[in-house]
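Peer 1: My questions will all concern the structure given below.
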Amino acid sequence: MSKPVTIIMIEDDEGHARLIERNIRRSGINNEIVPFTDGTAAVNYLFGSDGTGVHHGSQALLILLDLNLPDMTGIDILRRVKENKYLKCAPVVVLTTTDDSQEIKRCYELGCNVYITKPVNYESFANAIRQLGLFFSVIQVPRSAP
Amino acid sequence: MTPDATRQGAIGQILLLAAGLVVLTVISAGSVYLVNQAREDAKWVVHTVEVENQISLTQLQMRRAESAQRGYITTLLPDFLTDFDKAASELTPDLMRLRQLTSDNPVQGHLLDEMIPLCNQRIEEFRNTIALARAEHVDDAARIIREGIGRDAMSHIDDLARQMLAEEDHLFAQRTASADRTQSLAASMTGVGSGLVVLLAGISIFLVRRSARARDEAEAQLRDNNLNLEATVDARTADLREANEEIQRFAYIVSHDLRSPLVNIMGFTSELEELRTDIFRRIAALGQASASPVAPVAHEVEPILEGEDRQLSQDFTEALGFIKSSIAKMDRLISAILNLTREGRREFEPVKIDTRELIESIVATVAHQAAEAEAQIRIEPLPAVISDRLALEQIFSNLIDNALKYLKPGVPGDIAIRGRTKLGFAIFEIADNGRGIDAKDHQRIFDLFRRAGEQNRPGQGIGLAHVRALVRRLGGTMSVSSELHNGSTFTITLPIAWTTSNRNRDT
């Protein structure tokens, strides 16, 4: 049995964070969710005080990322995660309001695994999150390389 | 240089040229006159010489006659007689000739009048002596000669001839002087005239150079002004572009940031809806429990509510419904703004477009709607243009969609797409026989989120605003002519050959 996956949620809007969490829970996922409301705190957590991210070496992570953060853009976090040798295997789900095709293309180019646009229509939003929950339950998140 | 100064300069030039022309004319006329004068003078000089010559000739004939007479009387040889006759016969014509030549001069005429009878007298004397000699009276003849009869007459003739020669010499001197004067006058006139012409030419050259310099300065000034103007225009264009980009960014960010709270509002409204179901189920359960405590509550069915509770539930549902529909509408508006700003930021790419083919493909995609509306779409020959393909597709499909959407119910639709060219522009017309647009709405329909007429068709009021923005970006204009109930005609004017340089960079 692999170690349970920790979900890192980087989302500045507390309402969105609450809705995401609720819908994840509703789809029956009980993994630990670590929420961050700004980029700096999330980066500090992910990469640690030495900035290497080595302390997550033995941990399986899944990152939910909003692109519009108050102190930095989610793209920067995405790039840094995918450039880090300990974190690059962690799946990143970009979950944001931006539906600009250029932006989407850029995220995939940087190594994002799933890109979800937050729809205003709540039903589709809830559905997307629940499907994401199903996705979480079936995917195997590798433990980061030591 | 001011216009007044320019005019003065021009007048000065004209006056100079006129003065030069006058001087040249005077010189020419003077030269012609003086040359004639000189010729006249020369003629008179020659005439004088001729007269002198003639006088000498006359004297010579006299002398010849005399010597022939002496010879004959001395020798009685007939040869001398022949000589005498010859000299005597030539004397008269010589005298006649002399008279003719001196007919202009009364002094000479007078002297000649005196001389001719004397000559005739002398010749007569000679003849008498010769006649005496012939008649064997040689001694008589010799005596006559010895006595010197007629010597006085002879010396008188010589005297007269000398007077005539003196007169002619005097005339000769006079005429030569006159000829010299005329020549020096001609020379000085030519000299002074040439000097004047050279002076005028000098002034003219000076003036021309001065005006050329002034013109060069003005040209340089003009060039500077042009450069300044271009720089100013560039600066303004850059400002405008910046302002436009600012607006685009602003619209993008605002619409984006508006979406975030909207997601929350929608999400928690839906959560509220869920809660509402739970709350009213509970109320129903409580109500039923108070009525009959044993009745079980079915979880899956809508709870049955009574009286005030029922009213509350309905109000709750109504409020939530309004909130949700408003959110949906707001979302559509935000999306529309986002799409417009996205369109505004898209780079246009000019390519050659067969407009007819493009519109045929649009018509093919709306064939189903056209069949439903019993509408026919006629495409007339259209000019090809160089423009952005996607933009043109959006323009025409919006207009054709509108034409199909707003047909008059019950009347078969007739939509015509026409085109022509004029002065570098292609003019397209999309005409329908639909319900038309009231004149007061002709401007309004192009505004964002504004619509006209009966609101019985779905739509956001975006299409025409979008079309007009596209047409403007493509360097064109669009207008509508329509009457309520009588169809509409949308006219689009686009440059035949659009290039990225003229508008794309500014928008």
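Following the order of the structure tokens, first chain is A, next is B, and so on, with residues numbered from 1 inside each chain and ligands from 1 in the order they appear.
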Please, which residues of range 273-410 of chain B, numbered as in this document, come out helix (DSSP H, G or I) from DSSP, as a PyMOL selection string?
Peer 2: chain B and resi 273-291+307-345+355-365+367-372+389-405
Peer 1: Compile a residue-level contact table for chain A against chain B at a cut-off of 6 Å, reporting for every qualifying residue the shortest atom pair and its distance in Å to one decimal, with only C-alpha atoms counted, rows ordered by chain and ascending number, as a tab-separated table.
Peer 2:
```
residue	atom	partner	partner_atom	distance
A:Gly15	CA	B:Asn264	CA	5.7
A:Val120	CA	B:Val263	CA	4.8
A:Tyr122	CA	B:Gly267	CA	5.3
```
Peer 1: Can those selected residues be exported to a file as a PDB file, in the first residue's frame so that it contains all heavy atoms?
Peer 2:
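The result, stored in again.pdb:
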```pdb
ATOM      1  N   GLY A  15     -13.709  31.296  -0.869  1.00  0.00           N
ATOM      2  CA  GLY A  15     -14.980  30.710  -1.306  1.00  0.00           C
ATOM      3  C   GLY A  15     -14.737  29.566  -2.276  1.00  0.00           C
ATOM      4  O   GLY A  15     -15.289  28.473  -2.129  1.00  0.00           O
ATOM      5  N   VAL A 120     -18.977  29.207 -14.293  1.00  0.00           N
ATOM      6  CA  VAL A 120     -19.886  29.884 -13.379  1.00  0.00           C
ATOM      7  C   VAL A 120     -21.075  28.966 -13.091  1.00  0.00           C
ATOM      8  O   VAL A 120     -21.648  28.980 -12.014  1.00  0.00           O
ATOM      9  CB  VAL A 120     -20.323  31.220 -13.993  1.00  0.00           C
ATOM     10  CG1 VAL A 120     -21.347  31.900 -13.120  1.00  0.00           C
ATOM     11  CG2 VAL A 120     -19.099  32.116 -14.152  1.00  0.00           C
ATOM     12  N   TYR A 122     -22.739  26.209 -11.700  1.00  0.00           N
ATOM     13  CA  TYR A 122     -22.255  25.434 -10.566  1.00  0.00           C
ATOM     14  C   TYR A 122     -22.313  23.942 -10.827  1.00  0.00           C
ATOM     15  O   TYR A 122     -21.423  23.200 -10.407  1.00  0.00           O
ATOM     16  CB  TYR A 122     -23.063  25.782  -9.315  1.00  0.00           C
ATOM     17  CG  TYR A 122     -22.510  25.134  -8.081  1.00  0.00           C
ATOM     18  CD1 TYR A 122     -21.263  25.512  -7.599  1.00  0.00           C
ATOM     19  CD2 TYR A 122     -23.214  24.149  -7.400  1.00  0.00           C
ATOM     20  CE1 TYR A 122     -20.741  24.923  -6.473  1.00  0.00           C
ATOM     21  CE2 TYR A 122     -22.690  23.556  -6.272  1.00  0.00           C
ATOM     22  CZ  TYR A 122     -21.447  23.958  -5.805  1.00  0.00           C
ATOM     23  OH  TYR A 122     -20.932  23.376  -4.687  1.00  0.00           O
TER      24      TYR A 122
END
```
Peer 1: Calculated over only C-alpha atoms, which of the candidates B:Ala19, B:Ala238, B:Ala187, B:Leu392 has the smallest distance to Val471 in chain B?
Peer 2: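 Among the listed residues, B:Leu392 lies closest to Val471 in chain B.
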Peer 1: Could you name the residues that touch Thr82 in chain B at 12 Å or less, counting only C-alpha atoms, but leaving out those on the same chain fewer than 6 positions away, as a list in words?
Peer 2: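 Residues meeting the cut-off are Arg64, Ala65, Ala68, Gln69, Gly71, Tyr72, Leu76, Ala88, Ser89 and Ile130 of chain B.
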Peer 1: Would you output that residue set with all heavy atoms, as an mmCIF file, in the first residue's frame?
Peer 2:
```cif
data_model
loop_
_atom_site.group_PDB
_atom_site.id
_atom_site.type_symbol
_atom_site.label_atom_id
_atom_site.label_comp_id
_atom_site.auth_asym_id
_atom_site.auth_seq_id
_atom_site.Cartn_x
_atom_site.Cartn_y
_atom_site.Cartn_z
ATOM 1 N N ARG B 64 44.272 118.152 -123.959
ATOM 2 C CA ARG B 64 44.498 117.290 -125.128
ATOM 3 C C ARG B 64 44.110 118.046 -126.420
ATOM 4 O O ARG B 64 44.835 118.044 -127.431
ATOM 5 C CB ARG B 64 43.649 116.003 -125.026
ATOM 6 C CG ARG B 64 44.414 114.836 -124.418
ATOM 7 C CD ARG B 64 43.528 113.594 -124.368
ATOM 8 N NE ARG B 64 43.362 113.001 -125.665
ATOM 9 C CZ ARG B 64 42.445 112.064 -125.939
ATOM 10 N NH1 ARG B 64 41.610 111.677 -124.972
ATOM 11 N NH2 ARG B 64 42.381 111.561 -127.153
ATOM 12 N N ALA B 65 42.950 118.715 -126.323
ATOM 13 C CA ALA B 65 42.486 119.456 -127.513
ATOM 14 C C ALA B 65 43.500 120.534 -127.891
ATOM 15 O O ALA B 65 43.859 120.692 -129.077
ATOM 16 C CB ALA B 65 41.121 120.072 -127.210
ATOM 17 N N ALA B 68 46.705 119.027 -129.331
ATOM 18 C CA ALA B 68 46.453 118.499 -130.687
ATOM 19 C C ALA B 68 46.437 119.660 -131.692
ATOM 20 O O ALA B 68 47.018 119.569 -132.787
ATOM 21 C CB ALA B 68 45.119 117.749 -130.696
ATOM 22 N N GLN B 69 45.771 120.761 -131.255
ATOM 23 C CA GLN B 69 45.694 121.943 -132.142
ATOM 24 C C GLN B 69 47.091 122.455 -132.461
ATOM 25 O O GLN B 69 47.442 122.695 -133.619
ATOM 26 C CB GLN B 69 44.838 123.012 -131.425
ATOM 27 C CG GLN B 69 44.820 124.324 -132.115
ATOM 28 C CD GLN B 69 45.099 125.477 -131.142
ATOM 29 O OE1 GLN B 69 45.529 125.250 -130.024
ATOM 30 N NE2 GLN B 69 44.910 126.703 -131.597
ATOM 31 N N GLY B 71 49.944 120.905 -132.188
ATOM 32 C CA GLY B 71 50.655 119.905 -133.010
ATOM 33 C C GLY B 71 50.294 120.040 -134.473
ATOM 34 O O GLY B 71 51.165 120.028 -135.356
ATOM 35 N N TYR B 72 48.983 120.139 -134.762
ATOM 36 C CA TYR B 72 48.520 120.208 -136.150
ATOM 37 C C TYR B 72 49.053 121.454 -136.834
ATOM 38 O O TYR B 72 49.568 121.382 -137.959
ATOM 39 C CB TYR B 72 46.996 120.193 -136.188
ATOM 40 C CG TYR B 72 46.483 120.170 -137.606
ATOM 41 C CD1 TYR B 72 46.652 119.007 -138.391
ATOM 42 C CD2 TYR B 72 45.916 121.299 -138.196
ATOM 43 C CE1 TYR B 72 46.218 118.999 -139.704
ATOM 44 C CE2 TYR B 72 45.480 121.276 -139.520
ATOM 45 C CZ TYR B 72 45.629 120.118 -140.264
ATOM 46 O OH TYR B 72 45.213 120.105 -141.557
ATOM 47 N N LEU B 76 51.034 120.010 -139.306
ATOM 48 C CA LEU B 76 49.990 119.767 -140.300
ATOM 49 C C LEU B 76 49.770 118.289 -140.554
ATOM 50 O O LEU B 76 49.321 117.871 -141.617
ATOM 51 C CB LEU B 76 50.299 120.487 -141.634
ATOM 52 C CG LEU B 76 50.164 122.006 -141.607
ATOM 53 C CD1 LEU B 76 50.544 122.612 -142.990
ATOM 54 C CD2 LEU B 76 48.753 122.419 -141.295
ATOM 55 N N ALA B 88 37.772 116.981 -128.640
ATOM 56 C CA ALA B 88 36.650 117.931 -128.658
ATOM 57 C C ALA B 88 35.311 117.220 -128.486
ATOM 58 O O ALA B 88 34.430 117.683 -127.770
ATOM 59 C CB ALA B 88 36.683 118.720 -129.963
ATOM 60 N N SER B 89 35.209 116.054 -129.177
ATOM 61 C CA SER B 89 33.923 115.333 -129.072
ATOM 62 C C SER B 89 33.716 114.754 -127.656
ATOM 63 O O SER B 89 32.612 114.615 -127.175
ATOM 64 C CB SER B 89 33.859 114.216 -130.114
ATOM 65 O OG SER B 89 34.785 113.209 -129.768
ATOM 66 N N ILE B 130 42.573 125.819 -136.533
ATOM 67 C CA ILE B 130 42.784 124.614 -137.362
ATOM 68 C C ILE B 130 42.257 124.861 -138.769
ATOM 69 O O ILE B 130 42.906 124.510 -139.774
ATOM 70 C CB ILE B 130 42.116 123.396 -136.700
ATOM 71 C CG1 ILE B 130 42.937 122.963 -135.474
ATOM 72 C CG2 ILE B 130 42.025 122.227 -137.688
ATOM 73 C CD1 ILE B 130 42.260 121.966 -134.581
#
```
Peer 1: Take CA of Met72 in chain A and CA of Lys118 in chain A and report the distance between them in Å, one decimal.
Peer 2: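 Between CA of Met72 in chain A and CA of Lys118 in chain A the gap works out to 19.4 Å.
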Peer 1: Can you check which residues of chain A DSSP gives as strand (DSSP E) on the backbone and send them as a CSV table (one decimal) with C-alpha atoms, in the first residue's frame?
Peer 2:
```csv
chain,number,residue,atom,x,y,z
A,6,THR,CA,-1.6,14.8,0.1
A,7,ILE,CA,-3.5,17.4,-1.9
A,8,ILE,CA,-1.9,20.8,-2.0
A,9,MET,CA,-4.6,23.4,-2.8
A,10,ILE,CA,-3.2,26.8,-3.8
A,33,ILE,CA,-5.9,18.7,1.8
A,34,VAL,CA,-3.4,21.4,2.7
A,35,PRO,CA,-4.8,24.8,1.6
A,36,PHE,CA,-2.8,27.9,0.8
A,61,LEU,CA,1.7,15.1,-3.7
A,62,LEU,CA,-1.0,16.4,-5.9
A,63,ILE,CA,-1.2,20.1,-6.6
A,64,LEU,CA,-4.4,22.1,-7.3
A,65,LEU,CA,-3.3,25.4,-8.6
A,92,VAL,CA,-0.5,19.5,-11.2
A,93,VAL,CA,-4.2,20.4,-11.8
A,94,VAL,CA,-4.6,24.0,-12.9
A,95,LEU,CA,-8.0,25.2,-11.8
A,96,THR,CA,-8.7,28.7,-12.7
A,114,VAL,CA,-5.0,18.8,-16.2
A,115,TYR,CA,-6.4,22.2,-16.9
A,116,ILE,CA,-9.9,23.0,-15.6
A,117,THR,CA,-11.7,26.3,-16.2
```
Peer 1: So, counting only C-alpha atoms, which residue among A:Leu87, A:Leu78, A:Leu69, A:Ala60 is closest to Asp13 in chain A?
Peer 2: A:Leu69
Peer 1: Write out as a VMD selection string each polymer residue whose atoms come within 10 Å of Ala403 in chain B, counting only C-alpha atoms; drop sequence neighbours fewer than 3 positions from it.
Peer 2: chain B and resid 370 375 377 397 to 400 406 to 407 413 to 416 430 to 436 487 to 490
Peer 1: Pull N, CA and C atoms from the residues just selected and write them as a compact mmCIF listing (two decimals), in the first residue's frame.
Peer 2:
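Result written to selection_8.txt:
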```txt
# COMPACT_ATOMS: atom_id res chain seq x y z
N ALA B 370 -32.14 28.39 -42.82
CA ALA B 370 -32.79 29.05 -43.95
C ALA B 370 -33.98 28.24 -44.42
N ALA B 375 -36.48 30.63 -46.30
CA ALA B 375 -35.79 31.79 -46.88
C ALA B 375 -34.84 31.33 -47.97
N ILE B 377 -31.40 32.50 -50.11
CA ILE B 377 -30.27 33.43 -50.02
C ILE B 377 -29.63 33.51 -51.39
N SER B 397 -21.03 36.14 -41.34
CA SER B 397 -21.92 35.16 -40.73
C SER B 397 -22.82 35.83 -39.70
N ASN B 398 -22.32 36.85 -39.01
CA ASN B 398 -23.19 37.60 -38.09
C ASN B 398 -24.33 38.26 -38.84
N LEU B 399 -24.00 38.89 -39.97
CA LEU B 399 -25.04 39.63 -40.70
C LEU B 399 -26.06 38.68 -41.33
N ILE B 400 -25.57 37.53 -41.85
CA ILE B 400 -26.50 36.58 -42.46
C ILE B 400 -27.37 35.94 -41.38
N TYR B 406 -34.25 37.67 -38.03
CA TYR B 406 -35.28 38.71 -37.90
C TYR B 406 -36.13 38.84 -39.17
N LEU B 407 -36.51 37.68 -39.74
CA LEU B 407 -37.42 37.71 -40.89
C LEU B 407 -38.84 37.97 -40.38
N GLY B 413 -38.58 34.35 -46.67
CA GLY B 413 -37.46 35.28 -46.63
C GLY B 413 -36.73 35.38 -47.96
N ASP B 414 -36.21 36.55 -48.22
CA ASP B 414 -35.42 36.75 -49.43
C ASP B 414 -34.20 37.58 -49.03
N ILE B 415 -33.06 36.94 -49.02
CA ILE B 415 -31.84 37.64 -48.57
C ILE B 415 -30.89 37.71 -49.75
N ALA B 416 -30.42 38.91 -50.05
CA ALA B 416 -29.52 39.10 -51.20
C ALA B 416 -28.19 39.64 -50.70
N ILE B 430 -25.87 43.47 -47.63
CA ILE B 430 -26.66 42.31 -47.23
C ILE B 430 -28.08 42.83 -47.01
N ALA B 431 -28.95 42.49 -47.96
CA ALA B 431 -30.31 43.05 -47.92
C ALA B 431 -31.30 41.93 -47.63
N ASP B 432 -32.28 42.22 -46.74
CA ASP B 432 -33.31 41.22 -46.47
C ASP B 432 -34.68 41.88 -46.56
N ASN B 433 -35.72 41.04 -46.55
CA ASN B 433 -37.08 41.57 -46.56
C ASN B 433 -37.75 41.31 -45.21
N GLY B 434 -36.91 41.39 -44.16
CA GLY B 434 -37.39 41.03 -42.83
C GLY B 434 -38.17 42.13 -42.15
N ARG B 435 -38.15 42.09 -40.83
CA ARG B 435 -39.05 42.97 -40.08
C ARG B 435 -38.54 44.40 -39.99
N GLY B 436 -37.30 44.64 -40.38
CA GLY B 436 -36.81 46.02 -40.43
C GLY B 436 -36.49 46.59 -39.07
N GLY B 487 -37.83 45.44 -44.23
CA GLY B 487 -36.52 44.88 -44.54
C GLY B 487 -35.38 45.83 -44.18
N SER B 488 -34.17 45.27 -44.18
CA SER B 488 -32.99 46.06 -43.83
C SER B 488 -31.90 45.79 -44.85
N THR B 489 -31.06 46.78 -45.04
CA THR B 489 -29.88 46.58 -45.87
C THR B 489 -28.68 47.07 -45.08
N PHE B 490 -27.76 46.15 -44.82
CA PHE B 490 -26.51 46.53 -44.15
C PHE B 490 -25.45 46.69 -45.23
```
Peer 1: What is the distance between CA of Glu308 in chain B and CA of Ile323 in chain B, in Å to one decimal?
Peer 2: 22.6 Å
Peer 1: Of the candidates A:Leu19, A:Ile129, A:Gly57, A:Leu110, which shows the shortest atom-to-atom distance to Lys82 in chain A, using only C-alpha atoms?
Peer 2: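 Using only C-alpha atoms, Lys82 in chain A sits closest to A:Leu110.
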Peer 1: Quick one, how far is CA of Ser56 in chain B from CA of Arg175 in chain B?
Peer 2: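 Between CA of Ser56 in chain B and CA of Arg175 in chain B the gap is 20.3 Å.
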Peer 1: So, with only C-alpha atoms as the atoms that count, which of B:Phe449, B:Phe172, B:Leu21, B:Thr129 lies closest to Trp44 in chain B?
Peer 2: B:Phe172
